[in-house]
Amino acid sequence: MEKRVFFKGWWLPALLVAPQLLISFVFFFYPSGQAIWNSLFLPDPFGLKTEFVGLDNFRFLLSDPYYLASFKTTVIFSTAVSVSSMALGLYLAALADRLIKGAGVYQTLLIWPYAIAPAIAGVLWLFMFNGNIGLASYYLKALGYEWNHTLKGDQAMFLVILASSWGRISYNFLFFLAGLQAIPKSIIEAAAIDGASFWKRFGTIVIPLLSPITFFLLVVNIVYAFFDTFGVIHTITSGGPEQSTTILVYKVFSDGFVSQDLGSSAAQSVILLVLVGILTVIQFKYIERKVHY
Amino acid sequence: MVEKKKSGYWLTHLGLILGVLFIFFPVWLTFVASTVTQDAIIYPPLPMLPGTEFFENYANALFRGSPEGYGAKVPVIKMMMNSAIMAIGITVGKIIISLLSAFAFVYFRFPFRNLCFWLIFITLMLPVEVRIVPTYEVVANLNLLNSYTGLIFPLIASATATFLFRQFFMTIPDEMVEAARMDGCSPMRFFFDILVPISKTNIAALFVILFIFGWNQYLWPLLMTTDPDMRTIVMAIDSMIPTGDDYAHWPTVMATAMLAMVPPVIVVISMQKFFVKGLLESDK
């Protein structure tokens with residue numbers, strides 16, 4: 001789609017795009033190029049000189065059991081966060097969509113956690129599950145279940161998934177509600193007249209009509225779980241215990257800034273870059289289709 | 001709904017109320033914890049109703065920080081100022097550069113237009129988390145560590161807003177430009193007198209989304225700021241919770257957590273209409 005009518009001249013538009021191009025070059029292209037370049041080098045332990053090692057950093061990473069474990073952690077974590085927050089979002093949206101009056105009130109009550117920073121959500125849940133003082137761990141103990149996420153990897157994983165999904169429900173709720181409200185009521189009514197029950201209608205009409213938005217949300221939620229949950233993990237577990245909650249982006253941070261292993265961190269950045277690239281392409285394929293509809 | 005059964009109606013409300021309770025519960029506990037004494041917290045279980053220390057705890061958090069011997073000691077008011085400056089800087093900066101470049105892309109034909117568009121478009125892809133180490137080096141080399149400029153500018157480098165304004169400008173009828181040109185209106189006059197005013201709702205929608213994005217930044221300020229005076233509230237709260245056996249001063253920590261949530265939540269609720277629009281249209 002292009003405009004038929006436009007203004008003349010080239011120096012004015014050049015001036016107009018200059019600020020954004022400049023910022024993109026300084027803080028985006030140059031650092032990204034730097035990441036790719038650094039991923040081909042290995043600095044010596046004292047940081048005095050670097051040696052060109054080609055793809056050795058990548059080869060090393062892909063055979064490093066810690067990195068592969070972090071890959072697996074990321075897959076489990078992002079799947080769990082996406083699926084649980086989407087399921088709850090859809091459930092609440094389906095309920096709100098049934099109401100003729102009051103859906104707006106529930107919308108207000110449900111969407112505000114979007115504004116809460118992941119790191120703050122982490123602090124909230126950490127407080128509830130703190131081994132000494134947390135309310136949840138207190139009652140779990142009373143029920144005979146020992147809670148200590150600083151020692152037990154599976155509990156730590158559960159807690160970061162819970163904290164990351166909690167803040168994400170509102171986002172999914174809002175998109176699903178918009179999707180549900182866009183479905184023409186006449187289709188649902190026609191099916192009801194033909195005797196289809198609520199669940200039958202939900203399964204055969206609503207779910208298929210929601211599939212584009214579900215797919216879109218899946219991609220966006222995976223991207224969220226990959227990157228934006230850094231704050232949750234940093235506040236609750238710092239990647240532990242024994243790296244059981246170290247997702248890929250956390251490993252870039254801890255290898256690059258904490259252990260100063262710059263070659264490996266750069267190679268990890270490049271791998272993440274490729275992963276996001278793939279996800280973005282998938283997402284835009286979807287948006288393109290939406291435009292054509 | 002199609003059938004109207006009383007029981008179904010109440011079950012719908014029940015289900016929604018359970019959802020709302022699940023969403024509210026952690027925040028309610030945080031609020032309660034911010035209004036009681038340290039003793040009420042360290043001897044669990046925590047009461048379910050607020051205590052009497054509200055003013056004491058918030059005044060402590062805002063102006064004094066945690067008491068002696070409990071982790072980092074930082075008054076929160078300074079951190080809230082820093083967060084506000086960063087959030088507004090990112091928001092305003094992004095909106096301005098995106099309005100300008102979207103205007104150029106839609107209303108002009110200039111050399112390398114497509115190349116420029118793709119260069120900006122690619123920046124949609126990469127969150128700052130992916131390129132933190134080299135971006136940190138760039139900012140360090142420019143001597144921008146511990147400065148507002150360093151906090152704000154690297155986070156402006158993303159194309160979401162440009163893309164959104166471009167989409168919106170495309171829907172504006174061509175007759176507008178034709179009429180403006182016939183009346184001898186210069187491009188910048190058209191931009192300020194026509195384009196910006198009719199983009200008002202889009203600007204408001206983006207404002208909400210970007211303000212939240214900016215206020216909630218965590219990793220970047222964490223790396224960037226070594227000077228305690230430059231900390232933002234969202235990143236500093238972590239340093240108030242000591243690891244190991246040290247006790248944090250929980251009432252102060254929880255009051256700080258509440259203070260970190262209040263500004264973005266107010267923005268979302270007071271501008272709910274724009275927020276929903278912005279979220280559904282921009283996705284980030």
# chains A, B, ... in the order shown; residues from 1 in each chain; ligands from 1
>>> residues_around(residues="A:Val249", least_positions_apart="5", cutoff="8 Å", atoms="only C-alpha atoms", output="PDB file with C-alpha atoms, in the first residue's frame")
ATOM      1  CA  PHE A 226      12.431 -15.774  26.639  1.00  0.00           C
ATOM      2  CA  PHE A 227      13.356 -12.194  27.531  1.00  0.00           C
ATOM      3  CA  PHE A 230      14.673 -11.905  33.330  1.00  0.00           C
ATOM      4  CA  LEU A 272      19.370 -15.882  20.737  1.00  0.00           C
TER       5      LEU A 272
ATOM      6  CA  GLU B 129      18.543  -8.233  26.458  1.00  0.00           C
ATOM      7  CA  VAL B 130      20.080  -9.954  23.442  1.00  0.00           C
TER       8      VAL B 130
END
>>> closest_atom_pairs(of="chain B", to="chain A", cutoff="7 Å", atoms="only C-alpha atoms", output="CSV")
residue,atom,partner,partner_atom,distance
B:Met1,CA,A:Arg98,CA,5.3
B:Val2,CA,A:Glu189,CA,6.4
B:Thr12,CA,A:Leu95,CA,5.6
B:Leu16,CA,A:Leu92,CA,6.1
B:Gly19,CA,A:Leu92,CA,6.9
B:Val20,CA,A:Leu110,CA,6.1
B:Pro26,CA,A:Leu124,CA,6.1
B:Thr30,CA,A:Leu124,CA,6.6
B:Ile41,CA,A:Ile133,CA,6.6
B:Ile42,CA,A:Ile133,CA,5.4
B:Tyr43,CA,A:Ile133,CA,6.8
B:Pro44,CA,A:Ile133,CA,5.5
B:Pro45,CA,A:Leu135,CA,5.7
B:Leu46,CA,A:Leu135,CA,6.4
B:Ile97,CA,A:Gln20,CA,5.8
B:Leu100,CA,A:Leu16,CA,5.3
B:Ser101,CA,A:Val17,CA,4.4
B:Ala104,CA,A:Pro13,CA,4.8
B:Val106,CA,A:Lys3,CA,6.9
B:Tyr107,CA,A:Phe6,CA,4.8
B:Phe108,CA,A:Phe7,CA,5.4
B:Phe110,CA,A:Trp10,CA,5.1
B:Ile120,CA,A:Leu21,CA,6.9
B:Met125,CA,A:Thr280,CA,6.2
B:Leu126,CA,A:Leu273,CA,7.0
B:Glu129,CA,A:Phe227,CA,6.6
B:Val130,CA,A:Ser269,CA,5.4
B:Arg131,CA,A:Ser32,CA,6.0
B:Val133,CA,A:Gly256,CA,6.6
B:Pro134,CA,A:Pro31,CA,4.8
B:Thr135,CA,A:Pro31,CA,5.2
B:Pro154,CA,A:Phe27,CA,5.3
B:Ala157,CA,A:Ser24,CA,5.1
B:Asp174,CA,A:Val5,CA,6.2
B:Val177,CA,A:Val5,CA,6.9
B:Glu178,CA,A:Val5,CA,6.9
B:Pro187,CA,A:Phe7,CA,6.7
B:Ile212,CA,A:Ala115,CA,5.9
B:Asn216,CA,A:Ala117,CA,4.8
B:Tyr218,CA,A:Gly231,CA,6.2
B:Val234,CA,A:Ile120,CA,6.7
B:Asp238,CA,A:Thr235,CA,6.0
B:Ala257,CA,A:Ile120,CA,6.4
B:Met261,CA,A:Ile116,CA,5.7
B:Pro264,CA,A:Ala115,CA,5.3
B:Val265,CA,A:Ala115,CA,5.3
B:Val268,CA,A:Trp112,CA,6.4
B:Ile269,CA,A:Trp112,CA,6.7
B:Leu280,CA,A:Phe175,CA,6.7
>>> atom_distance(atom1="atom CA of B:Leu259", atom2="atom CA of B:Phe153")
25.1 Å
>>> closest_residue(among="A:Ser84, A:Ser244, A:Thr50, A:Ser186", to="A:Ala69", atoms="only C-alpha atoms")
A:Ser244
>>> atom_distance(atom1="atom CA of B:Lys200", atom2="atom CA of B:Val267")
16.8 Å
>>> select_by_dssp(residues="stretch 5-239 of chain B", states="helix (DSSP H, G or I)", output="VMD selection string")
chain B and resid 6 to 33 38 to 42 54 to 64 76 to 107 113 to 122 128 to 141 148 to 156 160 to 170 174 to 182 187 to 198 200 to 215 219 to 224 228 to 230 233 to 239
>>> closest_residue(among="A:Phe129, A:Leu209, A:Phe158, A:Gly104", to="B:Lys273", atoms="only C-alpha atoms")
A:Gly104
>>> atom_distance(atom1="atom CA of A:Asp261", atom2="atom CA of B:Ala140")
18.2 Å
>>> residues_around(residues="B:Ala33", least_positions_apart="4", cutoff="7 Å", atoms="only C-alpha atoms", output="VMD selection string")
chain B and resid 29 41 251 254
>>> residues_around(residues="B:Ala61", least_positions_apart="3", cutoff="9 Å", atoms="only C-alpha atoms", output="list in words")
Glu56, Asn57, Tyr58, Arg64, Gly65, Ser66, Val74, Pro75, Val76, Ile77, Pro251, Thr252, Val253, Ala255 and Thr256 of chain B
